[in-house]
Structures are given as C-alpha cells and as structure tokens.
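Participant: So that you have it, the file is run_5.pdb, and it contains PDB, C-alpha atoms:
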```
ATOM      1  CA  MET A   1      56.611   4.161 283.591
ATOM      2  CA  ARG A   2      57.257   7.870 284.169
ATOM      3  CA  MET A   3      54.671  10.266 282.748
ATOM      4  CA  ILE A   4      56.090  13.180 280.723
ATOM      5  CA  ASN A   5      54.088  16.401 281.254
ATOM      6  CA  VAL A   6      54.089  18.785 278.294
ATOM      7  CA  ILE A   7      52.933  22.348 277.660
ATOM      8  CA  ILE A   8      52.401  23.506 274.073
ATOM      9  CA  ALA A   9      53.031  27.177 273.235
ATOM     10  CA  ASP A  10      51.664  28.027 269.794
ATOM     11  CA  ASP A  11      49.234  30.699 268.667
ATOM     12  CA  HIS A  12      47.225  28.380 266.395
ATOM     13  CA  PRO A  13      44.466  26.448 268.248
ATOM     14  CA  ILE A  14      44.022  23.898 265.448
ATOM     15  CA  PHE A  15      47.744  23.142 265.499
ATOM     16  CA  ARG A  16      47.710  22.692 269.301
ATOM     17  CA  GLU A  17      44.780  20.276 268.963
ATOM     18  CA  GLY A  18      46.717  18.288 266.358
ATOM     19  CA  ILE A  19      49.729  18.000 268.662
ATOM     20  CA  LYS A  20      47.477  16.894 271.525
ATOM     21  CA  LYS A  21      45.945  14.215 269.306
ATOM     22  CA  ILE A  22      49.384  12.891 268.310
ATOM     23  CA  ILE A  23      50.546  12.831 271.920
ATOM     24  CA  SER A  24      47.324  11.201 273.177
ATOM     25  CA  LYS A  25      48.275   8.032 271.269
ATOM     26  CA  THR A  26      51.222   7.470 273.623
ATOM     27  CA  GLY A  27      50.975   6.034 277.095
ATOM     28  CA  ASP A  28      53.844   7.984 278.633
ATOM     29  CA  ILE A  29      53.306  11.573 277.422
ATOM     30  CA  ARG A  30      50.425  13.916 278.199
ATOM     31  CA  VAL A  31      49.664  17.536 277.397
ATOM     32  CA  THR A  32      48.899  19.176 280.718
ATOM     33  CA  ASP A  33      48.640  22.769 279.519
ATOM     34  CA  GLU A  34      48.839  25.103 276.539
ATOM     35  CA  ALA A  35      49.583  28.758 275.839
ATOM     36  CA  SER A  36      48.781  30.973 272.873
ATOM     37  CA  SER A  37      51.365  33.699 273.545
ATOM     38  CA  GLY A  38      54.814  34.119 275.006
ATOM     39  CA  ASP A  39      53.588  36.074 278.022
ATOM     40  CA  GLU A  40      50.968  33.425 278.783
ATOM     41  CA  LEU A  41      53.632  30.720 278.577
ATOM     42  CA  LEU A  42      55.987  32.549 280.935
ATOM     43  CA  LYS A  43      53.177  33.024 283.503
ATOM     44  CA  LYS A  44      52.223  29.348 283.380
ATOM     45  CA  VAL A  45      55.828  28.157 283.640
ATOM     46  CA  LYS A  46      56.306  30.246 286.804
ATOM     47  CA  LYS A  47      53.300  28.552 288.438
ATOM     48  CA  ASN A  48      53.643  24.961 287.183
ATOM     49  CA  ASN A  49      56.303  22.393 286.423
ATOM     50  CA  TYR A  50      56.460  20.809 282.990
ATOM     51  CA  ASP A  51      58.902  18.179 281.792
ATOM     52  CA  VAL A  52      58.902  19.514 278.221
ATOM     53  CA  ILE A  53      57.935  22.875 276.752
ATOM     54  CA  ILE A  54      57.026  22.777 273.058
ATOM     55  CA  LEU A  55      57.606  26.294 271.756
ATOM     56  CA  ASP A  56      57.001  27.916 268.387
ATOM     57  CA  ILE A  57      59.497  30.557 267.210
ATOM     58  CA  SER A  58      56.754  32.691 265.644
ATOM     59  CA  ILE A  59      54.523  33.390 268.615
ATOM     60  CA  PRO A  60      52.634  36.617 269.398
ATOM     61  CA  ASP A  61      54.116  39.369 271.555
ATOM     62  CA  ARG A  62      57.774  38.227 271.393
ATOM     63  CA  SER A  63      60.132  36.066 269.392
ATOM     64  CA  GLY A  64      60.372  32.456 270.474
ATOM     65  CA  LEU A  65      64.142  32.941 270.764
ATOM     66  CA  GLU A  66      63.609  35.772 273.277
ATOM     67  CA  ILE A  67      61.174  33.624 275.248
ATOM     68  CA  LEU A  68      63.662  30.765 275.138
ATOM     69  CA  LYS A  69      66.257  32.962 276.835
ATOM     70  CA  ASP A  70      63.701  34.019 279.481
ATOM     71  CA  LEU A  71      62.953  30.369 280.215
ATOM     72  CA  GLN A  72      66.592  29.657 281.068
ATOM     73  CA  ASP A  73      66.736  29.559 284.823
ATOM     74  CA  ALA A  74      69.631  28.306 286.917
ATOM     75  CA  LYS A  75      67.254  26.743 289.463
ATOM     76  CA  HIS A  76      65.034  24.934 286.966
ATOM     77  CA  ARG A  77      66.557  23.178 283.992
ATOM     78  CA  ARG A  78      63.802  22.958 281.404
ATOM     79  CA  ALA A  79      63.629  20.765 278.325
ATOM     80  CA  ILE A  80      62.501  23.069 275.524
ATOM     81  CA  LEU A  81      61.662  21.646 272.123
ATOM     82  CA  ILE A  82      61.293  24.203 269.354
ATOM     83  CA  LEU A  83      58.606  23.200 266.847
ATOM     84  CA  SER A  84      58.570  25.704 264.024
ATOM     85  CA  MET A  85      57.553  26.270 260.419
ATOM     86  CA  HIS A  86      60.958  27.841 259.788
ATOM     87  CA  PRO A  87      63.541  25.592 258.109
ATOM     88  CA  GLU A  88      66.255  24.146 260.317
ATOM     89  CA  GLU A  89      69.019  25.931 258.449
ATOM     90  CA  GLN A  90      67.397  29.254 259.343
ATOM     91  CA  TYR A  91      66.920  28.929 263.126
ATOM     92  CA  ALA A  92      67.921  25.540 264.574
ATOM     93  CA  ILE A  93      71.516  26.363 265.489
ATOM     94  CA  ARG A  94      70.481  29.728 266.974
ATOM     95  CA  ALA A  95      67.795  27.998 269.039
ATOM     96  CA  LEU A  96      70.189  25.335 270.316
ATOM     97  CA  LYS A  97      72.774  27.978 271.227
ATOM     98  CA  ALA A  98      70.054  29.918 273.079
ATOM     99  CA  GLY A  99      69.282  26.881 275.228
ATOM    100  CA  ALA A 100      66.761  24.766 273.321
ATOM    101  CA  SER A 101      66.989  21.023 273.858
ATOM    102  CA  GLY A 102      65.860  20.264 270.332
ATOM    103  CA  TYR A 103      64.470  21.645 267.087
ATOM    104  CA  LEU A 104      61.837  20.185 264.777
ATOM    105  CA  THR A 105      60.015  21.615 261.792
ATOM    106  CA  LYS A 106      56.232  21.455 261.622
ATOM    107  CA  GLY A 107      56.551  19.528 258.375
ATOM    108  CA  GLY A 108      58.073  16.546 260.174
ATOM    109  CA  GLU A 109      56.516  13.184 260.923
ATOM    110  CA  PRO A 110      54.449  12.628 264.107
ATOM    111  CA  GLU A 111      56.791   9.808 265.182
ATOM    112  CA  GLU A 112      59.714  12.249 265.152
ATOM    113  CA  LEU A 113      57.837  14.549 267.536
ATOM    114  CA  ILE A 114      57.269  11.701 269.996
ATOM    115  CA  LYS A 115      60.897  10.608 269.700
ATOM    116  CA  ALA A 116      62.084  14.191 270.274
ATOM    117  CA  ILE A 117      59.859  14.688 273.347
ATOM    118  CA  ARG A 118      61.149  11.485 274.931
ATOM    119  CA  LYS A 119      64.767  12.371 274.133
ATOM    120  CA  VAL A 120      64.700  15.912 275.550
ATOM    121  CA  SER A 121      62.658  14.902 278.611
ATOM    122  CA  SER A 122      65.439  12.517 279.592
ATOM    123  CA  GLY A 123      68.030  15.290 279.414
ATOM    124  CA  GLY A 124      69.248  14.656 275.872
ATOM    125  CA  LYS A 125      69.402  16.891 272.832
ATOM    126  CA  TYR A 126      67.368  16.216 269.724
ATOM    127  CA  VAL A 127      68.439  17.144 266.217
ATOM    128  CA  SER A 128      67.130  15.724 262.968
ATOM    129  CA  PRO A 129      69.426  13.719 260.695
ATOM    130  CA  PHE A 130      69.522  16.740 258.340
ATOM    131  CA  LEU A 131      70.706  19.077 261.094
ATOM    132  CA  ALA A 132      73.200  16.527 262.417
ATOM    133  CA  GLU A 133      74.756  16.308 258.953
ATOM    134  CA  LYS A 134      74.861  20.116 258.643
ATOM    135  CA  LEU A 135      76.594  20.417 262.022
ATOM    136  CA  ALA A 136      79.121  17.744 261.045
ATOM    137  CA  THR A 137      79.771  19.466 257.711
ATOM    138  CA  ASP A 138      80.214  22.829 259.436
ATOM    139  CA  LEU A 139      82.913  21.311 261.665
ATOM    140  CA  ASN A 140      85.012  20.611 258.578
ATOM    141  CA  ALA A 141      84.238  23.940 256.899
ATOM    142  CA  GLY A 142      86.989  25.780 258.733
ATOM    143  CA  PRO A 143      86.903  29.355 259.988
ATOM    144  CA  GLU A 144      85.023  30.713 256.983
ATOM    145  CA  GLN A 145      81.353  30.988 257.878
ATOM    146  CA  PRO A 146      78.616  32.601 255.831
ATOM    147  CA  PRO A 147      78.219  36.189 257.071
ATOM    148  CA  HIS A 148      74.613  35.693 258.260
ATOM    149  CA  GLU A 149      75.668  32.917 260.660
ATOM    150  CA  ILE A 150      77.836  35.245 262.731
ATOM    151  CA  LEU A 151      75.088  37.825 263.304
ATOM    152  CA  SER A 152      73.565  38.201 266.764
ATOM    153  CA  ASP A 153      69.954  37.072 267.174
ATOM    154  CA  ARG A 154      68.723  40.668 266.962
ATOM    155  CA  GLU A 155      70.860  41.440 263.900
ATOM    156  CA  TYR A 156      69.527  38.309 262.227
ATOM    157  CA  GLN A 157      65.941  39.277 263.070
ATOM    158  CA  VAL A 158      66.435  42.742 261.543
ATOM    159  CA  MET A 159      68.043  41.227 258.446
ATOM    160  CA  THR A 160      65.131  38.828 257.882
ATOM    161  CA  MET A 161      62.597  41.639 258.382
ATOM    162  CA  LEU A 162      64.452  43.778 255.846
ATOM    163  CA  ALA A 163      64.577  40.903 253.407
ATOM    164  CA  SER A 164      60.848  40.228 253.718
TER     165      SER A 164
END
```
Starting from the coordinates I provided, produce the structure as structure tokens.

Facilitator:
Amino acid sequence: MRMINVIIADDHPIFREGIKKIISKTGDIRVTDEASSGDELLKKVKKNNYDVIILDISIPDRSGLEILKDLQDAKHRRAILILSMHPEEQYAIRALKAGASGYLTKGGEPEELIKAIRKVSSGGKYVSPFLAEKLATDLNAGPEQPPHEILSDREYQVMTMLAS
C-alpha cells in the first residue's frame, strides 16, 4: 500500500489538529507537515515533496488562489485540494481553473475529505455532487453567464471586498 504524504496549509491550529486527527484514522494517508501562511507553505514545498497539499483560500499574507498559481510548476505536478469555508458556488470553479485538483468546504463530512485526498493523489479531480450538478447545469445554460462569473480573479476579489 502506497503512503500518501500530505501538508496542511491553514492559519487555524485547532483546525489543522482536527484534520490530522481525521487523517490519522486511515492507514494510507499521513500528515507530514503543516503551514500557517502562504509564504511558509511555498518555502516548505520548495524543500520537500508532498503527494497532496491541502490549502485554505483564506490564508494570511496572500489569497489561496494566488498561492495556487504559484504552486503550479511544469516540473512538479502537485495535487492541491482546496478546503475552504467559502461556499462552492463562490470559489470552486475559479480554484479548479487555477489548477486545483479538488474543492471541499469545511462543513463537509470527514469521509469526503479522505475520499478527496485519495482521488487527487492518484491524479484525479474531486468535486462534490453539488458542484458536479452545477457544472452539468452550466453546460446547458448557453452563452449567458452571470456577470460575476466572467470576472478575473482580481476583479472578483475586489468585488467581494466592496460588497463586504
């Protein structure tokens, strides 16, 4: 059985401990490292190899989407699973387009996290049933998209900051 090495990038220590506890119940996945900021994650990824990077979108010093783009490297294909408090309809498609291997919300079930880690570590993409249905519905929607879906990542970030 192949061991899947994971790094968790989230700024909340209690949350990281919870993820480690969930993962410790498996025999094929282990958390080998953790980071509390985007810069710390990027430094660790340069020095070490991880099979899966679990990344939060709301992480100190930079947006998770910006970090996601920095992690894309032609030499090293990385499985990056976004685990965020933000609803899927808000960021999932943007994250997948930016190179994420999957997207989960923090309100999901622990079994879904394990399933997602295994899926992305084997080179697959993970989307929840909700997101899969949204993507399928969007295929039939035609050329008319809601205006916010055609914004660039930066434009979308500015719009959400203005709205808040």

Participant: What does the distance between CA of Gly99 in chain A and CA of Ile117 in chain A come to in Å, to one decimal place?

Facilitator: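 One can read the CA of Gly99 in chain A to CA of Ile117 in chain A distance as 15.5 Å.
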
Participant: Just give me the gap between CA of Gly124 in chain A and CA of Arg16 in chain A in Å, one decimal is fine.

Facilitator: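 Going from CA of Gly124 in chain A over to CA of Arg16 in chain A, I get 23.9 Å.
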
Participant: Considering only C-alpha atoms, can you say which of A:Ala9, A:Leu104, A:Leu65, A:Leu71 comes closest to Pro87 in chain A?

Facilitator: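 The shortest atom-to-atom distance to Pro87 in chain A comes from A:Leu104.
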
Participant: Could you please determine the separation between CA of Ile80 in chain A and CA of Gly102 in chain A in Å, to one decimal place?

Facilitator: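 Taking CA of Ile80 in chain A and CA of Gly102 in chain A, their separation equals 6.8 Å.
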
Participant: Counting only C-alpha atoms, what are the residues of range 95-130 of chain A within 12 Å of range 23-38 of chain A, and for each of them which pair of atoms is the nearest and at what distance in Å, to one decimal? Sort the table by chain and rising number, as a Markdown table.

Facilitator:
```
| residue | atom | partner | partner_atom | distance |
| --- | --- | --- | --- | --- |
| A:Pro110 | CA | A:Ile23 | CA | 8.7 |
| A:Glu111 | CA | A:Ile23 | CA | 9.7 |
| A:Glu112 | CA | A:Ile23 | CA | 11.4 |
| A:Leu113 | CA | A:Ile23 | CA | 8.7 |
| A:Ile114 | CA | A:Ile23 | CA | 7.1 |
| A:Lys115 | CA | A:Ile23 | CA | 10.8 |
| A:Ala116 | CA | A:Ile29 | CA | 11.6 |
| A:Ile117 | CA | A:Ile29 | CA | 8.3 |
| A:Arg118 | CA | A:Ile29 | CA | 8.2 |
| A:Lys119 | CA | A:Ile29 | CA | 12.0 |
| A:Ser121 | CA | A:Ile29 | CA | 10.0 |
```

Participant: Please write the residues from the selection above to a file, keeping C-alpha atoms, as a PDB file, in the coordinates of the input.

Facilitator:
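Output contents, as saved in out_6.pdb:
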```
ATOM      1  CA  PRO A 110      54.449  12.628 264.107  1.00  0.00           C
ATOM      2  CA  GLU A 111      56.791   9.808 265.182  1.00  0.00           C
ATOM      3  CA  GLU A 112      59.714  12.249 265.152  1.00  0.00           C
ATOM      4  CA  LEU A 113      57.837  14.549 267.536  1.00  0.00           C
ATOM      5  CA  ILE A 114      57.269  11.701 269.996  1.00  0.00           C
ATOM      6  CA  LYS A 115      60.897  10.608 269.700  1.00  0.00           C
ATOM      7  CA  ALA A 116      62.084  14.191 270.274  1.00  0.00           C
ATOM      8  CA  ILE A 117      59.859  14.688 273.347  1.00  0.00           C
ATOM      9  CA  ARG A 118      61.149  11.485 274.931  1.00  0.00           C
ATOM     10  CA  LYS A 119      64.767  12.371 274.133  1.00  0.00           C
ATOM     11  CA  SER A 121      62.658  14.902 278.611  1.00  0.00           C
TER      12      SER A 121
END
```

Participant: With all atoms listed in the file as the counted atoms, please give the residues lying no more than 12 Å from Leu135 in chain A, apart from itself and same-chain residues fewer than 6 positions off, as a list in words.

Facilitator: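 In the requested form, the answer reads Glu88, Glu89, Ala92, Ile93, Leu96, Val127, Ser128, Pro129 and Ala141 of chain A.
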
Participant: Centre and edge lengths of an axis-aligned box around all listed atoms of range 43-61 of chain A, with 3 Å added on each side, are to be given in Å to one decimal, as lines of an AutoDock Vina configuration file.

Facilitator:
```
center_x = 55.9
center_y = 28.8
center_z = 277.0
size_x = 13.3
size_y = 27.2
size_z = 28.8
```

Participant: Set the distance at 10 Å and use only C-alpha atoms: which residues neighbour Asp39 in chain A once local chain neighbours fewer than 3 positions away are removed? I'd like the list as a list of chain:residue names.

Facilitator: A:Ala35, A:Ser36, A:Leu42, A:Lys43, A:Lys44, A:Val45, A:Ile59, A:Pro60, A:Asp61, A:Arg62, A:Ile67

Participant: Which residue, A:Leu68, A:Arg94, A:Leu83, A:Tyr50, has the smallest gap to Ser152 in chain A when you use all atoms listed in the file?

Facilitator: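 Using all atoms listed in the file, the shortest distance to Ser152 in chain A belongs to A:Arg94.
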
Participant: To test your reading of the syntax: which residues would the PyMOL selection byres ((chain A and resi 49) around 10) return for the file shown? Reply as a PyMOL selection string.

Facilitator: chain A and resi 5-7+32+44-48+50-53+76+78
